[in-house]
>>> print(open('work_0.pdb').read())   # PDB, C-alpha atoms
ATOM      1  CA  MET K  26      18.560  29.797  -3.070
ATOM      2  CA  THR K  27      20.579  31.348  -0.296
ATOM      3  CA  THR K  28      19.478  29.436   2.804
ATOM      4  CA  ASP K  29      21.745  27.061   4.617
ATOM      5  CA  VAL K  30      19.463  24.121   3.919
ATOM      6  CA  THR K  31      19.953  24.284   0.175
ATOM      7  CA  GLN K  32      23.586  25.359  -0.016
ATOM      8  CA  THR K  33      24.792  21.823  -0.602
ATOM      9  CA  LEU K  34      22.616  20.957  -3.615
ATOM     10  CA  ILE K  35      24.560  19.167  -6.339
ATOM     11  CA  PRO K  36      24.090  20.744  -9.768
ATOM     12  CA  PHE K  37      22.588  18.469 -12.422
ATOM     13  CA  GLU K  38      25.477  19.273 -14.748
ATOM     14  CA  SER K  39      28.021  17.652 -12.418
ATOM     15  CA  PHE K  40      26.719  14.149 -13.223
ATOM     16  CA  GLN K  41      27.981  12.015 -16.102
ATOM     17  CA  VAL K  42      26.687   8.718 -17.443
ATOM     18  CA  GLY K  43      28.957   5.908 -16.277
ATOM     19  CA  GLN K  44      29.914   7.515 -12.960
ATOM     20  CA  VAL K  45      30.132   4.860 -10.261
ATOM     21  CA  GLN K  46      30.039   5.363  -6.529
ATOM     22  CA  GLU K  47      30.415   2.711  -3.857
ATOM     23  CA  PHE K  48      29.724   3.525  -0.247
ATOM     24  CA  GLY K  49      28.217   2.436   3.030
ATOM     25  CA  ALA K  50      28.659  -0.284   5.642
ATOM     26  CA  TYR K  51      25.307  -0.818   7.321
ATOM     27  CA  GLU K  52      25.332  -3.511   9.984
ATOM     28  CA  VAL K  53      22.001  -5.304  10.102
ATOM     29  CA  THR K  54      20.877  -6.483  13.524
ATOM     30  CA  GLU K  55      18.132  -8.876  14.564
ATOM     31  CA  GLU K  56      16.859  -6.194  16.922
ATOM     32  CA  GLU K  57      16.446  -3.637  14.148
ATOM     33  CA  ILE K  58      14.868  -6.169  11.756
ATOM     34  CA  ILE K  59      12.229  -6.997  14.369
ATOM     35  CA  GLU K  60      11.712  -3.353  15.382
ATOM     36  CA  PHE K  61      11.076  -2.243  11.788
ATOM     37  CA  ALA K  62       8.850  -5.240  11.056
ATOM     38  CA  SER K  63       6.825  -4.732  14.215
ATOM     39  CA  LYS K  64       5.862  -1.276  13.006
ATOM     40  CA  TYR K  65       5.624  -1.729   9.265
ATOM     41  CA  ASP K  66       5.762  -5.341   8.064
ATOM     42  CA  PRO K  67       4.643  -7.738  10.812
ATOM     43  CA  GLN K  68       4.943 -10.994   8.884
ATOM     44  CA  PHE K  69       6.345 -13.923  10.842
ATOM     45  CA  PHE K  70       9.494 -14.294   8.720
ATOM     46  CA  HIS K  71      10.470 -10.728   9.725
ATOM     47  CA  LEU K  72       9.435 -11.072  13.388
ATOM     48  CA  ASP K  73       9.982 -14.553  14.783
ATOM     49  CA  PRO K  74      13.442 -16.158  14.403
ATOM     50  CA  GLU K  75      12.163 -19.664  15.211
ATOM     51  CA  ALA K  76       9.079 -19.609  12.999
ATOM     52  CA  ALA K  77      11.071 -17.970  10.177
ATOM     53  CA  LYS K  78      13.154 -21.162   9.845
ATOM     54  CA  LYS K  79      10.069 -22.750   8.291
ATOM     55  CA  SER K  80       9.622 -19.967   5.729
ATOM     56  CA  LEU K  81      10.931 -19.801   2.166
ATOM     57  CA  PHE K  82      13.763 -17.632   3.516
ATOM     58  CA  GLY K  83      15.099 -20.225   5.950
ATOM     59  CA  GLY K  84      15.441 -17.758   8.801
ATOM     60  CA  LEU K  85      14.595 -14.321  10.100
ATOM     61  CA  CYS K  86      15.192 -11.714   7.393
ATOM     62  CA  ALA K  87      14.615  -7.999   6.946
ATOM     63  CA  SER K  88      11.465  -6.604   5.374
ATOM     64  CA  GLY K  89      12.188  -5.600   1.795
ATOM     65  CA  TRP K  90      11.036  -2.099   2.699
ATOM     66  CA  HIS K  91      13.504  -2.109   5.580
ATOM     67  CA  THR K  92      16.268  -2.877   3.082
ATOM     68  CA  CYS K  93      15.040   0.098   1.026
ATOM     69  CA  ALA K  94      15.164   2.255   4.150
ATOM     70  CA  MET K  95      18.672   1.114   5.117
ATOM     71  CA  THR K  96      19.813   1.719   1.541
ATOM     72  CA  MET K  97      18.315   5.202   1.611
ATOM     73  CA  ARG K  98      20.194   5.945   4.811
ATOM     74  CA  MET K  99      23.475   5.038   3.133
ATOM     75  CA  MET K 100      22.528   7.162   0.109
ATOM     76  CA  VAL K 101      21.684  10.177   2.279
ATOM     77  CA  ASP K 102      24.891   9.807   4.298
ATOM     78  CA  ASN K 103      26.750   9.765   0.994
ATOM     79  CA  MET K 104      24.832  12.796  -0.254
ATOM     80  CA  GLU K 105      25.782  14.648   2.901
ATOM     81  CA  ARG K 106      29.395  14.257   1.924
ATOM     82  CA  ARG K 107      28.847  15.053  -1.741
ATOM     83  CA  GLY K 108      25.746  17.255  -1.670
ATOM     84  CA  THR K 109      22.005  16.662  -1.789
ATOM     85  CA  SER K 110      19.145  16.286  -4.263
ATOM     86  CA  LEU K 111      15.786  18.030  -4.310
ATOM     87  CA  GLY K 112      13.967  14.706  -3.885
ATOM     88  CA  SER K 113      12.778  11.909  -6.143
ATOM     89  CA  PRO K 114       9.651  11.171  -8.192
ATOM     90  CA  GLY K 115      10.112   7.428  -7.703
ATOM     91  CA  VAL K 116      12.041   4.303  -8.615
ATOM     92  CA  ASP K 117      11.628   1.556 -11.220
ATOM     93  CA  ASP K 118      12.285  -2.179 -11.245
ATOM     94  CA  LEU K 119      12.765  -2.614  -7.506
ATOM     95  CA  ARG K 120      13.832  -6.202  -6.868
ATOM     96  CA  TRP K 121      14.623  -7.989  -3.635
ATOM     97  CA  ARG K 122      17.142 -10.520  -4.939
ATOM     98  CA  LYS K 123      18.228 -12.258  -1.743
ATOM     99  CA  PRO K 124      17.153 -12.232   1.892
ATOM    100  CA  VAL K 125      18.942  -9.837   4.245
ATOM    101  CA  TYR K 126      19.832 -11.605   7.483
ATOM    102  CA  PRO K 127      20.981 -10.420  10.923
ATOM    103  CA  GLY K 128      24.740  -9.925  10.827
ATOM    104  CA  ASP K 129      24.806  -8.881   7.178
ATOM    105  CA  VAL K 130      26.777  -5.732   6.378
ATOM    106  CA  LEU K 131      25.218  -3.842   3.485
ATOM    107  CA  SER K 132      26.821  -1.431   1.054
ATOM    108  CA  VAL K 133      25.654   0.430  -2.040
ATOM    109  CA  ARG K 134      26.898   0.658  -5.614
ATOM    110  CA  MET K 135      25.354   3.433  -7.713
ATOM    111  CA  GLU K 136      25.973   3.995 -11.395
ATOM    112  CA  VAL K 137      24.614   6.917 -13.394
ATOM    113  CA  VAL K 138      22.814   5.507 -16.447
ATOM    114  CA  GLY K 139      20.850   8.487 -17.736
ATOM    115  CA  LEU K 140      20.471  12.286 -17.546
ATOM    116  CA  GLU K 141      17.120  13.889 -18.356
ATOM    117  CA  PRO K 142      16.788  17.672 -18.234
ATOM    118  CA  SER K 143      13.163  18.461 -17.390
ATOM    119  CA  LYS K 144      11.281  20.079 -20.273
ATOM    120  CA  SER K 145       8.410  21.351 -18.169
ATOM    121  CA  ARG K 146      10.628  22.677 -15.358
ATOM    122  CA  PRO K 147      13.868  24.032 -16.871
ATOM    123  CA  GLN K 148      15.376  24.672 -13.447
ATOM    124  CA  ILE K 149      15.740  20.945 -12.702
ATOM    125  CA  GLY K 150      16.983  17.683 -14.205
ATOM    126  CA  ILE K 151      16.491  13.995 -13.412
ATOM    127  CA  VAL K 152      19.523  11.776 -12.805
ATOM    128  CA  LEU K 153      18.832   8.088 -13.460
ATOM    129  CA  SER K 154      21.036   5.670 -11.532
ATOM    130  CA  THR K 155      21.059   1.951 -10.950
ATOM    131  CA  VAL K 156      21.299   1.291  -7.240
ATOM    132  CA  GLN K 157      22.549  -2.076  -6.032
ATOM    133  CA  THR K 158      22.586  -3.022  -2.372
ATOM    134  CA  ARG K 159      25.096  -5.753  -1.624
ATOM    135  CA  ASN K 160      25.912  -7.864   1.390
ATOM    136  CA  GLN K 161      29.349  -8.614   2.838
ATOM    137  CA  LYS K 162      29.762 -11.492   0.351
ATOM    138  CA  GLY K 163      29.308  -9.105  -2.562
ATOM    139  CA  GLU K 164      25.898 -10.591  -3.384
ATOM    140  CA  VAL K 165      23.285  -8.180  -4.709
ATOM    141  CA  VAL K 166      20.422  -8.370  -2.199
ATOM    142  CA  MET K 167      18.356  -5.568  -3.760
ATOM    143  CA  GLU K 168      18.463  -3.326  -6.794
ATOM    144  CA  PHE K 169      16.397  -0.585  -8.388
ATOM    145  CA  LEU K 170      16.581   2.267 -10.871
ATOM    146  CA  SER K 171      16.574   5.551  -8.949
ATOM    147  CA  LYS K 172      15.424   8.931 -10.193
ATOM    148  CA  GLY K 173      16.902  11.939  -8.430
ATOM    149  CA  ILE K 174      15.881  15.562  -8.961
ATOM    150  CA  PHE K 175      18.805  18.013  -9.117
ATOM    151  CA  PRO K 176      18.961  21.762  -9.810
ATOM    152  CA  ARG K 177      20.364  22.971 -13.127
ATOM    153  CA  ARG K 178      23.313  25.296 -12.854
ATOM    154  CA  GLU K 179      22.164  27.522 -15.686
ATOM    155  CA  ALA K 180      18.812  28.072 -13.997
ATOM    156  CA  ARG K 181      20.438  28.785 -10.636
ATOM    157  CA  GLY K 182      22.721  31.341 -12.239
ATOM    158  CA  GLY K 183      19.687  33.449 -13.050
ATOM    159  CA  GLU K 184      18.459  33.678  -9.492
TER     160      GLU K 184
ATOM    161  CA  MET X  14       2.472 -27.123   5.288
ATOM    162  CA  THR X  15       0.950 -27.874   8.638
ATOM    163  CA  THR X  16       2.460 -25.286  10.972
ATOM    164  CA  ASP X  17       0.461 -22.437  12.437
ATOM    165  CA  VAL X  18       2.607 -19.832  10.713
ATOM    166  CA  THR X  19       1.579 -20.918   7.234
ATOM    167  CA  GLN X  20      -2.023 -21.949   7.823
ATOM    168  CA  THR X  21      -3.381 -18.629   6.612
ATOM    169  CA  LEU X  22      -1.700 -18.560   3.193
ATOM    170  CA  ILE X  23      -4.064 -17.449   0.432
ATOM    171  CA  PRO X  24      -4.077 -19.829  -2.533
ATOM    172  CA  PHE X  25      -3.035 -18.306  -5.858
ATOM    173  CA  GLU X  26      -6.230 -19.601  -7.448
ATOM    174  CA  SER X  27      -8.429 -17.417  -5.239
ATOM    175  CA  PHE X  28      -7.325 -14.251  -7.060
ATOM    176  CA  GLN X  29      -9.047 -12.858 -10.165
ATOM    177  CA  VAL X  30      -8.029 -10.004 -12.442
ATOM    178  CA  GLY X  31     -10.163  -6.967 -11.667
ATOM    179  CA  GLN X  32     -10.589  -7.687  -7.965
ATOM    180  CA  VAL X  33     -10.435  -4.451  -5.983
ATOM    181  CA  GLN X  34      -9.782  -4.031  -2.302
ATOM    182  CA  GLU X  35      -9.804  -0.802  -0.336
ATOM    183  CA  PHE X  36      -8.571  -0.723   3.222
ATOM    184  CA  GLY X  37      -6.599   1.100   5.865
ATOM    185  CA  ALA X  38      -6.721   4.382   7.766
ATOM    186  CA  TYR X  39      -3.143   5.244   8.743
ATOM    187  CA  GLU X  40      -2.839   8.510  10.656
ATOM    188  CA  VAL X  41       0.447  10.211   9.816
ATOM    189  CA  THR X  42       2.042  12.173  12.635
ATOM    190  CA  GLU X  43       4.866  14.695  12.642
ATOM    191  CA  GLU X  44       6.522  12.643  15.373
ATOM    192  CA  GLU X  45       6.572   9.480  13.261
ATOM    193  CA  ILE X  46       7.731  11.320  10.124
ATOM    194  CA  ILE X  47      10.701  12.714  12.035
ATOM    195  CA  GLU X  48      11.441   9.404  13.817
ATOM    196  CA  PHE X  49      11.560   7.452  10.543
ATOM    197  CA  ALA X  50      13.579  10.133   8.774
ATOM    198  CA  SER X  51      16.068  10.374  11.631
ATOM    199  CA  LYS X  52      16.894   6.707  11.149
ATOM    200  CA  TYR X  53      16.579   6.242   7.422
ATOM    201  CA  ASP X  54      16.194   9.451   5.423
ATOM    202  CA  PRO X  55      17.678  12.428   7.310
ATOM    203  CA  GLN X  56      17.049  15.123   4.709
ATOM    204  CA  PHE X  57      15.881  18.463   6.085
ATOM    205  CA  PHE X  58      12.451  18.372   4.438
ATOM    206  CA  HIS X  59      11.692  15.185   6.403
ATOM    207  CA  LEU X  60      13.249  16.378   9.679
ATOM    208  CA  ASP X  61      12.843  20.089  10.267
ATOM    209  CA  PRO X  62       9.340  21.632  10.021
ATOM    210  CA  GLU X  63      10.674  25.200   9.747
ATOM    211  CA  ALA X  64      13.390  24.550   7.189
ATOM    212  CA  ALA X  65      11.025  22.316   5.179
ATOM    213  CA  LYS X  66       8.861  25.367   4.386
ATOM    214  CA  LYS X  67      11.641  26.487   2.056
ATOM    215  CA  SER X  68      11.763  23.151   0.206
ATOM    216  CA  LEU X  69       9.939  22.146  -2.974
ATOM    217  CA  PHE X  70       7.384  20.411  -0.733
ATOM    218  CA  GLY X  71       6.370  23.553   1.171
ATOM    219  CA  GLY X  72       6.510  21.858   4.544
ATOM    220  CA  LEU X  73       7.603  18.818   6.519
ATOM    221  CA  CYS X  74       6.658  15.645   4.640
ATOM    222  CA  ALA X  75       7.237  11.928   5.032
ATOM    223  CA  SER X  76      10.136  10.118   3.398
ATOM    224  CA  GLY X  77       8.895   8.293   0.326
ATOM    225  CA  TRP X  78      10.240   5.100   1.869
ATOM    226  CA  HIS X  79       8.238   5.853   4.990
ATOM    227  CA  THR X  80       5.111   6.050   2.831
ATOM    228  CA  CYS X  81       6.075   2.642   1.397
ATOM    229  CA  ALA X  82       6.459   1.313   4.936
ATOM    230  CA  MET X  83       3.110   2.729   6.112
ATOM    231  CA  THR X  84       1.460   1.289   3.004
ATOM    232  CA  MET X  85       3.012  -2.110   3.698
ATOM    233  CA  ARG X  86       1.643  -2.016   7.235
ATOM    234  CA  MET X  87      -1.864  -1.486   5.888
ATOM    235  CA  MET X  88      -1.333  -4.303   3.371
ATOM    236  CA  VAL X  89      -0.125  -6.709   6.054
ATOM    237  CA  ASP X  90      -3.002  -5.799   8.375
ATOM    238  CA  ASN X  91      -5.333  -6.522   5.478
ATOM    239  CA  MET X  92      -3.550  -9.798   4.734
ATOM    240  CA  GLU X  93      -3.975 -10.815   8.358
ATOM    241  CA  ARG X  94      -7.705 -10.599   7.873
ATOM    242  CA  ARG X  95      -7.709 -12.300   4.464
ATOM    243  CA  GLY X  96      -4.583 -14.478   4.606
ATOM    244  CA  THR X  97      -0.915 -13.986   3.789
ATOM    245  CA  SER X  98       1.534 -14.259   0.907
ATOM    246  CA  LEU X  99       4.879 -16.001   0.781
ATOM    247  CA  GLY X 100       6.703 -12.724   0.097
ATOM    248  CA  SER X 101       7.472 -10.593  -2.934
ATOM    249  CA  PRO X 102      10.225 -10.438  -5.562
ATOM    250  CA  GLY X 103       9.777  -6.678  -5.920
ATOM    251  CA  VAL X 104       7.665  -3.842  -7.261
ATOM    252  CA  ASP X 105       7.640  -1.824 -10.491
ATOM    253  CA  ASP X 106       6.917   1.803 -11.326
ATOM    254  CA  LEU X 107       7.001   3.152  -7.782
ATOM    255  CA  ARG X 108       5.957   6.812  -7.884
ATOM    256  CA  TRP X 109       5.632   9.340  -5.093
ATOM    257  CA  ARG X 110       2.888  11.533  -6.591
ATOM    258  CA  LYS X 111       2.286  14.011  -3.793
ATOM    259  CA  PRO X 112       3.890  14.843  -0.458
ATOM    260  CA  VAL X 113       2.514  13.124   2.656
ATOM    261  CA  TYR X 114       2.089  15.647   5.457
ATOM    262  CA  PRO X 115       1.472  15.371   9.207
ATOM    263  CA  GLY X 116      -2.248  14.924   9.808
ATOM    264  CA  ASP X 117      -2.836  13.029   6.576
ATOM    265  CA  VAL X 118      -4.833   9.807   6.863
ATOM    266  CA  LEU X 119      -3.693   7.238   4.321
ATOM    267  CA  SER X 120      -5.606   4.347   2.817
ATOM    268  CA  VAL X 121      -4.865   1.765   0.134
ATOM    269  CA  ARG X 122      -6.628   0.702  -3.039
ATOM    270  CA  MET X 123      -5.363  -2.529  -4.618
ATOM    271  CA  GLU X 124      -6.524  -3.965  -7.914
ATOM    272  CA  VAL X 125      -5.430  -7.321  -9.321
ATOM    273  CA  VAL X 126      -4.127  -6.729 -12.849
ATOM    274  CA  GLY X 127      -2.315  -9.974 -13.659
ATOM    275  CA  LEU X 128      -1.844 -13.599 -12.607
ATOM    276  CA  GLU X 129       1.386 -15.420 -13.486
ATOM    277  CA  PRO X 130       1.805 -19.078 -12.493
ATOM    278  CA  SER X 131       5.532 -19.698 -12.028
ATOM    279  CA  LYS X 132       6.969 -21.978 -14.704
ATOM    280  CA  SER X 133      10.143 -22.786 -12.805
ATOM    281  CA  ARG X 134       8.411 -23.337  -9.459
ATOM    282  CA  PRO X 135       5.007 -24.950 -10.069
ATOM    283  CA  GLN X 136       4.033 -24.706  -6.414
ATOM    284  CA  ILE X 137       3.727 -20.907  -6.548
ATOM    285  CA  GLY X 138       2.227 -18.107  -8.612
ATOM    286  CA  ILE X 139       2.744 -14.333  -8.818
ATOM    287  CA  VAL X 140      -0.213 -11.986  -8.329
ATOM    288  CA  LEU X 141       0.309  -8.568  -9.966
ATOM    289  CA  SER X 142      -1.629  -5.718  -8.375
ATOM    290  CA  THR X 143      -1.638  -1.970  -8.727
ATOM    291  CA  VAL X 144      -1.325  -0.418  -5.287
ATOM    292  CA  GLN X 145      -2.451   3.164  -4.773
ATOM    293  CA  THR X 146      -1.951   4.970  -1.489
ATOM    294  CA  ARG X 147      -4.384   7.857  -1.061
ATOM    295  CA  ASN X 148      -4.783  10.648   1.438
ATOM    296  CA  GLN X 149      -7.976  11.796   3.154
ATOM    297  CA  LYS X 150      -8.800  13.995   0.147
ATOM    298  CA  GLY X 151      -8.743  10.949  -2.133
ATOM    299  CA  GLU X 152      -5.531  12.137  -3.792
ATOM    300  CA  VAL X 153      -3.093   9.424  -4.880
ATOM    301  CA  VAL X 154       0.113  10.158  -2.941
ATOM    302  CA  MET X 155       1.966   7.029  -4.079
ATOM    303  CA  GLU X 156       1.462   4.115  -6.414
ATOM    304  CA  PHE X 157       3.296   1.026  -7.582
ATOM    305  CA  LEU X 158       2.801  -2.347  -9.233
ATOM    306  CA  SER X 159       3.158  -5.047  -6.593
ATOM    307  CA  LYS X 160       4.187  -8.655  -7.120
ATOM    308  CA  GLY X 161       3.039 -11.107  -4.473
ATOM    309  CA  ILE X 162       4.053 -14.770  -4.258
ATOM    310  CA  PHE X 163       1.187 -17.116  -3.372
ATOM    311  CA  PRO X 164       1.011 -20.935  -3.096
ATOM    312  CA  ARG X 165      -0.867 -22.879  -5.762
ATOM    313  CA  ARG X 166      -3.699 -25.016  -4.499
ATOM    314  CA  GLU X 167      -2.970 -27.901  -6.874
ATOM    315  CA  ALA X 168       0.595 -28.091  -5.646
ATOM    316  CA  ARG X 169      -0.466 -27.951  -2.003
ATOM    317  CA  GLY X 170      -2.954 -30.757  -2.563
ATOM    318  CA  GLY X 171      -0.064 -33.086  -3.311
ATOM    319  CA  GLU X 172       1.763 -32.474  -0.048
TER     320      GLU X 172
END
>>> encode(input="work_0.pdb", output="structure tokens")
Amino acid sequence: MTTDVTQTLIPFESFQVGQVQEFGAYEVTEEEIIEFASKYDPQFFHLDPEAAKKSLFGGLCASGWHTCAMTMRMMVDNMERRGTSLGSPGVDDLRWRKPVYPGDVLSVRMEVVGLEPSKSRPQIGIVLSTVQTRNQKGEVVMEFLSKGIFPRREARGGE
Amino acid sequence: MTTDVTQTLIPFESFQVGQVQEFGAYEVTEEEIIEFASKYDPQFFHLDPEAAKKSLFGGLCASGWHTCAMTMRMMVDNMERRGTSLGSPGVDDLRWRKPVYPGDVLSVRMEVVGLEPSKSRPQIGIVLSTVQTRNQKGEVVMEFLSKGIFPRREARGGE
């Protein structure tokens, strides 16, 4: 792995259970909520500020998938500072705990909760982390268990 | 519930375990993959067709969250024909099984696998469904267990 695009991969061995990172300050706008929803989740409570007042949410709020996307952006920006992964097989237990409203400022808290070297592919390992997205009040608006694929140092040493 | 925006809610009681729906034909473009990734997931394998050839994916592919978003769009379009939900508390076991490439045409298969009347909020129930997103070859590119909130008919009758 000698190309520029993979030079910043974080080795699996650099993670430890219990590591906590907090990062991000994503300002949520009404314009972006409506733009995302228009393309991907055109339900009235994500599109129409007036009609949304009559919904369970009490006002216009971001699509849950938009909150995932905004969270991912903060995670990638953080990875750019620290280094990147090779991708992810998926996430577990994704929960939208509270609505995300225009004017909210989101941040992320990640905690490493598990390390799983791959048995079938010895050159990689899976890092399990709880990801919490919080608003400016400190309320958890979304959380999930993330699975990130990272290269193993031992394997890379043999290349 | 007499406003236009909620007239098309599907009652919880209309769902049955084993019901299957198949719908959608979402054409994935390189332009949209890059546009989404630029905003929300700027990793090189979602942004740069040349560099992506050197990634694990073998070429430019959609952000997993973009695949979620495209899947949601197909689900909402389908709900607009059949009726809508009140939202969702989250999803379980989200897995990105295969890369989604430019030129792929995605569709959705949903199967109802569980029905949970809410004990704390008798006016609603949760419909559990497996959601599979497939490409034009019939390959499952993503799957998750969805949880949709729907109004209970008995409760609505009392309003």
>>> closest_residue(input="work_0.pdb", among="X:Phe70, X:Tyr53, X:Phe157, X:Phe28", to="chain K", atoms="all atoms listed in the file")
X:Tyr53
>>> interface_residues(input="work_0.pdb", of="chain X", to="chain K", cutoff="8 Å", atoms="only C-alpha atoms", output="list in words")
Val18, Lys52, Tyr53, Asp54, Pro55, Gln56, Phe57, Ala64, Ser68, Leu69, Trp78, His79, Cys81, Ala82, Met83, Met85, Arg86, Val89, Leu99, Ser101, Pro102, Gly103, Val104, Asp105, Asp106, Leu107, Arg108, Trp109 and Arg110 of chain X
>>> atom_distance(input="work_0.pdb", atom1="atom CA of X:Leu60", atom2="atom CA of K:Arg134")
25.8 Å
>>> closest_residue(input="work_0.pdb", among="X:His59, X:Phe25, X:Val121, X:Gly161", to="X:Asn91", atoms="all atoms listed in the file")
X:Val121
>>> resolve_selection(input="work_0.pdb", expression="the PyMOL selection byres ((chain X and resi 44) around 12)", output="ChimeraX atom specification")
/X:40-43,45-51,59-62,73-75,114-116
>>> atom_distance(input="work_0.pdb", atom1="atom CA of K:Gly49", atom2="atom CA of K:Asn160")
10.7 Å
>>> resolve_selection(input="work_0.pdb", expression="the PyMOL selection byres ((chain K and resi 177) around 9)", output="PyMOL selection string")
chain K and resi 35-38+142+147-150+175-176+178-182
>>> residues_around(input="work_0.pdb", residues="K:Tyr51", least_positions_apart="5", cutoff="7 Å", atoms="only C-alpha atoms", output="PyMOL selection string")
chain K and resi 130-132
>>> write_last_selection(input="work_0.pdb", atoms="C-alpha atoms", output="compact mmCIF listing (two decimals), in the coordinates of the input")
# COMPACT_ATOMS: atom_id res chain seq x y z
CA VAL K 130 26.78 -5.73 6.38
CA LEU K 131 25.22 -3.84 3.48
CA SER K 132 26.82 -1.43 1.05
>>> atom_distance(input="work_0.pdb", atom1="atom CA of K:Asp129", atom2="atom CA of K:Val166")
10.4 Å
>>> closest_residue(input="work_0.pdb", among="X:Leu141, X:Val153, X:Met123, X:Val113", to="X:Gly72", atoms="all atoms listed in the file")
X:Val113
>>> closest_residue(input="work_0.pdb", among="K:Ile151, K:Lys78, K:Arg106, K:Pro124", to="K:Glu164", atoms="all atoms listed in the file")
K:Pro124
>>> resolve_selection(input="work_0.pdb", expression="the PyMOL selection byres ((chain X and resi 31) around 9)", output="JSON, numbers by chain")
{"X": [29, 30, 32, 33, 124, 125, 126, 127]}
>>> closest_residue(input="work_0.pdb", among="K:Lys162, K:Val156, K:Glu75, K:Ser145", to="K:Glu47", atoms="only C-alpha atoms")
K:Val156
>>> decode(input="work_0.pdb", residues="stretch 71-84 of chain K", atoms="N, CA, C and O atoms", output="PDB file, in the first residue's frame")
ATOM      1  N   HIS K  71     -40.545  16.594   7.400  1.00  0.00           N
ATOM      2  CA  HIS K  71     -39.172  16.963   7.016  1.00  0.00           C
ATOM      3  C   HIS K  71     -39.148  18.050   5.936  1.00  0.00           C
ATOM      4  O   HIS K  71     -38.084  18.491   5.525  1.00  0.00           O
ATOM      5  N   LEU K  72     -40.340  18.427   5.449  1.00  0.00           N
ATOM      6  CA  LEU K  72     -40.417  19.305   4.264  1.00  0.00           C
ATOM      7  C   LEU K  72     -41.140  20.624   4.514  1.00  0.00           C
ATOM      8  O   LEU K  72     -40.794  21.645   3.928  1.00  0.00           O
ATOM      9  N   ASP K  73     -42.171  20.579   5.352  1.00  0.00           N
ATOM     10  CA  ASP K  73     -43.117  21.694   5.432  1.00  0.00           C
ATOM     11  C   ASP K  73     -43.187  22.199   6.876  1.00  0.00           C
ATOM     12  O   ASP K  73     -43.826  21.586   7.733  1.00  0.00           O
ATOM     13  N   PRO K  74     -42.517  23.333   7.167  1.00  0.00           N
ATOM     14  CA  PRO K  74     -42.459  23.822   8.552  1.00  0.00           C
ATOM     15  C   PRO K  74     -43.835  24.020   9.179  1.00  0.00           C
ATOM     16  O   PRO K  74     -44.020  23.730  10.372  1.00  0.00           O
ATOM     17  N   GLU K  75     -44.804  24.499   8.426  1.00  0.00           N
ATOM     18  CA  GLU K  75     -46.141  24.730   8.996  1.00  0.00           C
ATOM     19  C   GLU K  75     -46.852  23.415   9.295  1.00  0.00           C
ATOM     20  O   GLU K  75     -47.354  23.200  10.392  1.00  0.00           O
ATOM     21  N   ALA K  76     -46.894  22.538   8.309  1.00  0.00           N
ATOM     22  CA  ALA K  76     -47.591  21.260   8.490  1.00  0.00           C
ATOM     23  C   ALA K  76     -46.924  20.427   9.580  1.00  0.00           C
ATOM     24  O   ALA K  76     -47.586  19.695  10.311  1.00  0.00           O
ATOM     25  N   ALA K  77     -45.584  20.547   9.691  1.00  0.00           N
ATOM     26  CA  ALA K  77     -44.835  19.737  10.657  1.00  0.00           C
ATOM     27  C   ALA K  77     -45.243  20.040  12.098  1.00  0.00           C
ATOM     28  O   ALA K  77     -45.074  19.206  12.988  1.00  0.00           O
ATOM     29  N   LYS K  78     -45.811  21.241  12.335  1.00  0.00           N
ATOM     30  CA  LYS K  78     -46.256  21.578  13.694  1.00  0.00           C
ATOM     31  C   LYS K  78     -47.345  20.622  14.182  1.00  0.00           C
ATOM     32  O   LYS K  78     -47.537  20.439  15.373  1.00  0.00           O
ATOM     33  N   LYS K  79     -48.051  20.011  13.225  1.00  0.00           N
ATOM     34  CA  LYS K  79     -49.128  19.088  13.583  1.00  0.00           C
ATOM     35  C   LYS K  79     -48.644  17.647  13.707  1.00  0.00           C
ATOM     36  O   LYS K  79     -49.430  16.747  13.981  1.00  0.00           O
ATOM     37  N   SER K  80     -47.358  17.422  13.474  1.00  0.00           N
ATOM     38  CA  SER K  80     -46.823  16.056  13.549  1.00  0.00           C
ATOM     39  C   SER K  80     -46.426  15.705  14.976  1.00  0.00           C
ATOM     40  O   SER K  80     -46.433  16.558  15.867  1.00  0.00           O
ATOM     41  N   LEU K  81     -46.063  14.442  15.184  1.00  0.00           N
ATOM     42  CA  LEU K  81     -45.582  13.997  16.492  1.00  0.00           C
ATOM     43  C   LEU K  81     -44.355  14.787  16.938  1.00  0.00           C
ATOM     44  O   LEU K  81     -44.059  14.871  18.123  1.00  0.00           O
ATOM     45  N   PHE K  82     -43.619  15.354  15.985  1.00  0.00           N
ATOM     46  CA  PHE K  82     -42.354  16.018  16.292  1.00  0.00           C
ATOM     47  C   PHE K  82     -42.535  17.470  16.706  1.00  0.00           C
ATOM     48  O   PHE K  82     -41.616  18.090  17.234  1.00  0.00           O
ATOM     49  N   GLY K  83     -43.699  18.045  16.422  1.00  0.00           N
ATOM     50  CA  GLY K  83     -43.991  19.402  16.849  1.00  0.00           C
ATOM     51  C   GLY K  83     -43.368  20.485  15.995  1.00  0.00           C
ATOM     52  O   GLY K  83     -43.515  21.677  16.279  1.00  0.00           O
ATOM     53  N   GLY K  84     -42.687  20.099  14.932  1.00  0.00           N
ATOM     54  CA  GLY K  84     -42.070  21.087  14.057  1.00  0.00           C
ATOM     55  C   GLY K  84     -41.185  20.408  13.042  1.00  0.00           C
ATOM     56  O   GLY K  84     -40.921  19.198  13.141  1.00  0.00           O
TER      57      GLY K  84
END
